[in-house]
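Here is the structure we will look at.
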Amino acid sequence: MFGDMFEEEEDVGFVSENKTMNGWKSRKKDTEPPPHRAASNLSGIKNQGGTCYLNSLLQTLLYTPEFRESLFALGPEELGNLSDKNKPESKVRVIPLELQRLFAQLLLADQLAASTSDLTDSFGWTSNEETSQHDVQELNRILFSALESSLVGTSGHDLINRLYHGIVVNKIVCEECGNISERQEDFLDLTVAVKGVRGLEEALCTFYVEEEHFDNDNLYHCGRCEKLVKATKSAKLRHLPTFLTISLLRFNFDFTKCERYKETGCYSFPIRLDMRPFCEQDNLPDSEYEYDLFSVIIHKGGCYGGHYHAYIKDIDQLGTWFSLDEQTAVVNSSKDSTNQDNLLKLGDPVEVLKAILVQVGPDGVLVDQLGQKLLEKVGVAWNKRYRKQHGPLRKFLESHPDVFLLKADGTRVAVKQTDHDFSGQQPNKSKIEKAQTENCKASTAHADKTERHSKIPTSEVYWFDFDDTQVRPIQEKDIEKQFEGKECAYMLFYRKSQLQRPAEARGNSRYKVPPDLLEEIANLDASLQKQRAEFDSATNNIEVHLHLGPEYKFENGALHPASSQKDSMLTIIIDRRKTVGDLRQAIFQLLEFWKGDMVITVAKQLPAGLHLYETFHEDHTSLYSLGITDGAILFVWNGNQVDGVEMHAGEEFEPMLLKILCPTLRSKSETEMVQFIEMERVFTRNTLLSSARDILALSTGISPDELTVYYKKNLENKGSTNWVAYDAEDGHKSLADLRLKDGDTILVSDQKCCNLSVLSSNGMPITVADRSWLQVKNYCGEKLSQTAGTTVTIPVTMETLISEIKANAIEKLKLKDEQGEYWHLRKTDWCYDAGEVLKDEEATLTDMKITNGETLIIMEGRLPPKGFLMLPVWLYQPPLNSENRGCFQEEQENIATKLCALSIESTARDFSLQQYMGTELECIGNVEISGEASLEDLKTQVLTLPVLQGLSVPSIEFLRVWLVENKCPVKILRNQQQQLSKFKLGPTAEIGIQLLQAEENLTSTELLLRLKMAVPGERMYYPAEELVWDISKECTIRTLKQKIIQHYLLPLEQIEIAKYFPDQFEWMPMTSWTQVSKKKKKKKLQNLQGAPYYLKDGDIIGVKNLLIDKNKDFSTVVDDIGKEKLRLEGNNKDKRHQATVQQSGDAPESHEKQKPYTRTRRPEVALSISVADFR
């Protein structure tokens, strides 16, 4: 089954061919075998790329004991043998056979997760189905259908119907003659609504308790009365299945946006469900109607993708449940310091770390992160509590290979699965022997299992989260977290409460598993055990590079090969579980010329050369515990001298290679320039700065008294560096204490050297090319400046202040001679228009995040002080009212003219949103006001503007303030006493002022709409009229219609209304329907401020009077013009893009590469399972 993965495996020993490094090839990395089961003792399922939906459903079916055992009851005499599936004319029922094999592996095989590849192959799926996600509700129906087709002619032909089949009956009762019309429907799962209901029971009540009445225009034709009559329609459950599957309609369609969306609101469902109120017969015992929840399939994500996992109840107690808070003694929820200290005193570091890793899971954690997790769980760091006694954390883990397993070249650590692990897993050898012997009894396995579960009360049943390969224990209360949100319940599975499991099935995963499958799983476990043993041996073989002391010399503070690298080093492969003595013996066998003592020392290759660190003294210590990993460098010598030089090993003698810069002055073309002499020097880490200064004085020829040493210092928030001289006190510090490291640069000079400010961050002289520059554009307008539109370039550094740039720009643009008195700078937005104001003029370019080459804009106007707002004020002209309809005919003729011009010159028309909505905005000045001022203060200050002073506004109550965006009013500012800061007006906010004919003080529950009555027989509307609507009680279509008929004095049933979307030139009819309920249950009211209408201030509502106009089309000639304009603009944009591509002369292939990236969704393909014909 597993091929010859380890055919190149050698004996666990020492291997060597020659002394050359090239004589050894890198070991082939073996594929890691499947890991053991996790602490829960339950197996997961591997995800093939997009099969999480399949995994969740399969786990649910597996832990439906009645389904699982019914499937196992079908033997080879009925289903056939998989070995015969490729034989011609053989009728092997592959799908149920593969499902049996998968279930047996999940129950018994000692592996973390099983694969579904064989099962999906039996489905006839290709890689497209395996990597594409589908709907689990659809899969449930298709899989049941495939199983029914596969089991035709066997004793399990009624397996699906026997367990999942139910009947719904629909009745229509004539209210005149009492005739009942019935229609019966079969179901395997119930689909219930989510939108508009609060939970499962309310949704079932809507379907199976409430009645629908046929009356008025919606009458029912009675077959007995032979006429249209009033009637009542209802639905009831006639037959309940043993297992009730409920699919939740989480996905709906938004007709406004023309896309699907997911319902993420709260939707509750009970653990125990009483179905009596929804059944046709209600006189049976209570046990016939009660169901217990045992599985919840959960969907996380949106309607175009996501992830499925399942919460499943372990009915037969096959898993090992443990609380994440109680599985280890180190996790103490109490914050009491006394208990914490007692816990630490008793805490064995092996058990502490083991408990933490068990909680993490079989994948383990990075070694570097384990210390942090220890600190989080225990409250004390490893170095503080354990390092003094047990050494570094990594070496401690390596010294316990029987407990901890280091993976990924020693970067990750996990608990090593053993026969007596915390997970309570049954020993592999015991399982294999029991499966291979013929006298293995289910009772024996049951006894072993019962012993493991002795700590769990038999009356309790626990839940697990099955998430592909991971299986974690959860609390029953965690199900409530799946009531709402992006991660929420999607399918519910209930079982009748009266179903009881036999005692021998409790904790017995071998219960009713066929003998042939027991034997197959035993062989699989034996193969896995062998594979793990071979892999364990392979992963412990490491490659070690031996550098030979007689072939080295000491030079410039480090070790270097005396002749060549080839002759000074050899490579061997050794098992890291071997000891230092074994390694020494192997080296003696390889180096026949060696005489005298042999010392092995850990070495490291540094920029300066090879350096020695720790020497191995104890021969019985394993290489693993000493931290020797793959590729380690070891130095073999006599332990005293190398090439006659006494060696100093250790970190304090580590050589450090530093770059030395020595600047000198040179005159050229009457300009002083700096030249540098660059050299490299090696010092040990423990060298004092005073000693290094003396050595540098000899190298540079500078007198020690005049030599100064500089280091580079990073400037905070400046993005640059500066050279700083060491103090006299630093002379007694070592280079390590001064935090110098390999490759650092220091600068030495005498006291007569030039100013070091000419040095850039990399130590080189600054040239003109190193300086930054900005462009500043005059944006003041021709009326204020003769240089309007002119752009100047200003050289800057990243530390230049905004005020300096403004002063330079004013001087270069000669704005001092202009009429303006105050100026300010702004950034440019994405379309090179005026953007964010640069208010802090004492900030640098770095502080304002302005980069080299950007363009700024200078504008006339004084910046408001901090905490103040500068608001442009527009005068908002209202639409035509009922008193000035004299221009109505003129407007109609203007539209007709535009429509004619459309076919002649489409590019010449200018049809803006403001023109259609009847709004005109005129700028009347600016207002500077404090953010702490109220809306009343703003209105008072606006009245001081010259334009409004001449209009004789009686008071501020005659003013309406709009928030203006893109030169269109979008929101009314309410509450006179509200502070402006509460409105969250940004630096680019603008307001519009509308003059009113009467006093107004709108509240937060009042909505201002604009009504347009359609002209009868014409595709036009009368001028708009304002309507103030109180929405404090309801904001529904029904209440809106009632308000409109009060305004126009029309009957309710004779009007139609629609909301206008001006940006799309579309009208959306506003309709609603109601359903009569016997119980008069309160419904969730529709809110027009939400989807799909999003009603807000200023929206246009079209009204049709059906008494005189039967045409329900709300569109106008103006809408035709707008839609045509949008269409032509789209076509012109495509043509311009095609012309640009043609002019560039690019090939089609390169043109495809130039297309901007757009996220595309895969085409949706129907899910199917291929089944042979067994009829």
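A note on labels: chains of the structure tokens are A, B, ... as shown, every chain counts residues from 1, and ligands are counted from 1 in their shown order.
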
Would you pick out the contacts of A:His617 at 9 Å or less, using only C-alpha atoms, so that residues sharing its chain but fewer than 2 positions from it are not included, and give the list as a list in words? Val580, Val599, Ile600, Thr615, Asp619 and Thr621 of chain A

Could you dump the residues just selected with all heavy atoms as a CSV table (one decimal), in the first residue's frame?
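Written out: result_14.csv:
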```csv
chain,number,residue,atom,x,y,z
A,580,VAL,N,28.5,10.8,22.4
A,580,VAL,CA,29.8,11.5,22.0
A,580,VAL,C,30.8,10.4,21.9
A,580,VAL,O,31.7,10.5,21.0
A,580,VAL,CB,30.1,12.5,23.1
A,580,VAL,CG1,31.5,13.1,22.7
A,580,VAL,CG2,29.1,13.6,23.1
A,599,VAL,N,39.8,15.8,21.0
A,599,VAL,CA,38.8,16.6,21.6
A,599,VAL,C,37.8,17.1,20.5
A,599,VAL,O,38.3,17.5,19.4
A,599,VAL,CB,39.4,17.8,22.3
A,599,VAL,CG1,38.4,18.8,22.9
A,599,VAL,CG2,40.3,17.4,23.5
A,600,ILE,N,36.5,17.1,20.8
A,600,ILE,CA,35.5,17.5,19.8
A,600,ILE,C,34.8,18.7,20.4
A,600,ILE,O,34.3,18.7,21.5
A,600,ILE,CB,34.5,16.4,19.6
A,600,ILE,CG1,35.2,15.1,19.1
A,600,ILE,CG2,33.4,16.8,18.6
A,600,ILE,CD1,34.2,13.9,19.0
A,615,THR,N,33.0,22.5,24.2
A,615,THR,CA,33.7,21.2,24.1
A,615,THR,C,32.9,20.1,24.8
A,615,THR,O,32.4,20.3,25.9
A,615,THR,CB,35.1,21.3,24.7
A,615,THR,OG1,35.9,22.3,24.0
A,615,THR,CG2,35.9,20.0,24.5
A,619,ASP,N,31.3,11.4,27.5
A,619,ASP,CA,31.1,10.5,26.4
A,619,ASP,C,29.8,9.8,26.3
A,619,ASP,O,29.3,9.4,25.3
A,619,ASP,CB,32.2,9.4,26.4
A,619,ASP,CG,33.6,9.9,25.9
A,619,ASP,OD1,33.6,11.1,25.5
A,619,ASP,OD2,34.5,9.2,25.9
A,621,THR,N,26.9,11.2,26.9
A,621,THR,CA,25.8,12.1,26.5
A,621,THR,C,25.5,12.0,25.0
A,621,THR,O,26.4,11.9,24.2
A,621,THR,CB,26.2,13.6,26.8
A,621,THR,OG1,26.7,13.7,28.1
A,621,THR,CG2,25.1,14.5,26.6
```

Write out as an MDAnalysis selection string which residues come within 9 Å of A:Pro349 when counting only C-alpha atoms, dropping same-chain ones fewer than 4 positions away. chainID A and resid 353:354 386 390

Excluding same-chain residues fewer than 2 positions from A:Phe464, what lies within 7 Å of it counting only C-alpha atoms, as a PyMOL selection string? chain A and resi 311-313+462+466+471-474

What is the atom CA of A:Gly305-atom CA of A:His134 distance in Å, reported with one decimal?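 Computing the Euclidean distance for atom CA of A:Gly305 and atom CA of A:His134 yields 8.6 Å.
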
Contacts of A:Asp1097 at 8 Å or less, counting only C-alpha atoms, minus same-chain residues fewer than 6 places along, as a list in words?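 The residues satisfying every condition are Val970, Lys971, Ile972, Leu1007, Leu1008 and Leu1009 of chain A.
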
Go ahead and write the residues just picked, N, CA and C atoms, as a compact mmCIF listing (two decimals), in the first residue's frame.
```txt
# COMPACT_ATOMS: atom_id res chain seq x y z
N VAL A 970 -27.27 65.10 0.89
CA VAL A 970 -27.46 63.68 1.18
C VAL A 970 -28.07 63.43 2.55
N LYS A 971 -27.95 64.39 3.50
CA LYS A 971 -28.43 64.15 4.85
C LYS A 971 -28.76 65.46 5.52
N ILE A 972 -29.87 65.46 6.29
CA ILE A 972 -30.28 66.65 7.03
C ILE A 972 -29.67 66.58 8.43
N LEU A 1007 -38.58 61.57 8.73
CA LEU A 1007 -37.88 61.38 7.47
C LEU A 1007 -38.48 62.31 6.43
N LEU A 1008 -37.62 63.01 5.69
CA LEU A 1008 -38.07 63.94 4.66
C LEU A 1008 -37.98 63.26 3.30
N LEU A 1009 -39.12 63.09 2.63
CA LEU A 1009 -39.17 62.47 1.31
C LEU A 1009 -39.70 63.47 0.30
```

Can you check which residues of stretch 508-613 of chain A DSSP gives as alpha helix (DSSP H) on the backbone and send them as an MDAnalysis selection string? chainID A and resid 515:539 565:568 580:590

Which of these residues is nearest to A:Gln1054, using only C-alpha atoms: A:Cys205, A:Met798, A:Val1103, A:Val92?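 The answer is A:Val1103, which sits nearest to A:Gln1054.
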
Which residues are close to A:Ser145, i.e. within 10 Å by only C-alpha atoms, leaving aside same-chain residues fewer than 6 positions away? Reply as a list in words. Leu139, Ile160, Ile1169 and Val1171 of chain A

Could you give me, as a Markdown table, every stretch 602-680 of chain A residue with an atom at most 12 Å from stretch 696-699 of chain A, plus its closest atom pair and distance in Å to one decimal, counting only C-alpha atoms, rows ordered by chain then number?
```
| residue | atom | partner | partner_atom | distance |
| --- | --- | --- | --- | --- |
| A:Leu658 | CA | A:Leu696 | CA | 11.5 |
| A:Lys659 | CA | A:Leu696 | CA | 11.5 |
| A:Ile660 | CA | A:Leu696 | CA | 8.8 |
| A:Leu661 | CA | A:Leu696 | CA | 10.7 |
| A:Cys662 | CA | A:Leu696 | CA | 10.1 |
| A:Ile677 | CA | A:Ser699 | CA | 11.2 |
| A:Glu678 | CA | A:Ser699 | CA | 11.4 |
| A:Met679 | CA | A:Ser699 | CA | 9.4 |
| A:Glu680 | CA | A:Ser699 | CA | 10.5 |
```

Keeping all heavy atoms for every residue in the selection just given, could you write it to a file as a tab-separated table (two decimals), in the first residue's frame?
```
chain	number	residue	atom	x	y	z
A	658	LEU	N	34.75	44.25	11.73
A	658	LEU	CA	34.19	45.59	11.65
A	658	LEU	C	34.75	46.33	10.43
A	658	LEU	O	35.91	46.12	10.05
A	658	LEU	CB	34.51	46.39	12.91
A	658	LEU	CG	33.97	45.83	14.24
A	658	LEU	CD1	34.40	46.74	15.39
A	658	LEU	CD2	32.45	45.71	14.19
A	659	LYS	N	33.89	47.19	9.85
A	659	LYS	CA	34.33	48.07	8.76
A	659	LYS	C	34.75	49.41	9.35
A	659	LYS	O	34.01	50.00	10.14
A	659	LYS	CB	33.21	48.27	7.75
A	659	LYS	CG	32.82	47.00	7.01
A	659	LYS	CD	31.71	47.29	6.00
A	659	LYS	CE	31.33	46.01	5.26
A	659	LYS	NZ	30.23	46.25	4.29
A	660	ILE	N	35.92	49.88	8.95
A	660	ILE	CA	36.47	51.13	9.48
A	660	ILE	C	36.47	52.16	8.37
A	660	ILE	O	37.01	51.91	7.28
A	660	ILE	CB	37.90	50.93	10.04
A	660	ILE	CG1	37.96	49.67	10.93
A	660	ILE	CG2	38.35	52.16	10.79
A	660	ILE	CD1	37.09	49.72	12.13
A	661	LEU	N	35.87	53.33	8.63
A	661	LEU	CA	35.89	54.45	7.69
A	661	LEU	C	36.75	55.56	8.28
A	661	LEU	O	36.57	55.95	9.44
A	661	LEU	CB	34.47	54.98	7.43
A	661	LEU	CG	33.54	54.11	6.59
A	661	LEU	CD1	32.17	54.76	6.48
A	661	LEU	CD2	34.10	53.87	5.20
A	662	CYS	N	37.66	56.06	7.45
A	662	CYS	CA	38.52	57.16	7.87
A	662	CYS	C	38.40	58.28	6.84
A	662	CYS	O	38.93	58.16	5.72
A	662	CYS	CB	39.97	56.68	8.00
A	662	CYS	SG	41.09	57.94	8.63
A	677	ILE	N	38.79	56.38	3.36
A	677	ILE	CA	39.63	55.19	3.32
A	677	ILE	C	38.87	54.11	4.08
A	677	ILE	O	38.55	54.30	5.27
A	677	ILE	CB	41.00	55.45	3.97
A	677	ILE	CG1	41.74	56.57	3.21
A	677	ILE	CG2	41.83	54.17	4.01
A	677	ILE	CD1	43.05	56.98	3.88
A	678	GLU	N	38.58	53.01	3.41
A	678	GLU	CA	37.80	51.94	4.03
A	678	GLU	C	38.69	50.73	4.25
A	678	GLU	O	39.44	50.32	3.36
A	678	GLU	CB	36.61	51.57	3.15
A	678	GLU	CG	35.70	50.53	3.78
A	678	GLU	CD	34.46	50.28	2.95
A	678	GLU	OE1	34.19	51.06	2.01
A	678	GLU	OE2	33.75	49.28	3.24
A	679	MET	N	38.61	50.15	5.46
A	679	MET	CA	39.40	48.97	5.79
A	679	MET	C	38.58	48.06	6.69
A	679	MET	O	37.51	48.46	7.20
A	679	MET	CB	40.70	49.39	6.49
A	679	MET	CG	40.50	50.05	7.83
A	679	MET	SD	42.03	50.71	8.53
A	679	MET	CE	42.11	52.28	7.67
A	680	GLU	N	39.03	46.84	6.88
A	680	GLU	CA	38.37	45.87	7.74
A	680	GLU	C	39.35	45.43	8.83
A	680	GLU	O	40.53	45.20	8.55
A	680	GLU	CB	37.88	44.67	6.95
A	680	GLU	CG	36.73	44.99	6.01
A	680	GLU	CD	36.22	43.75	5.30
A	680	GLU	OE1	36.94	42.71	5.33
A	680	GLU	OE2	35.12	43.79	4.71
```

Nearest to A:Thr31, chosen from A:Gln389, A:Asn1105, A:Asn852, A:Thr539, with only C-alpha atoms counted in the distances: A:Thr539
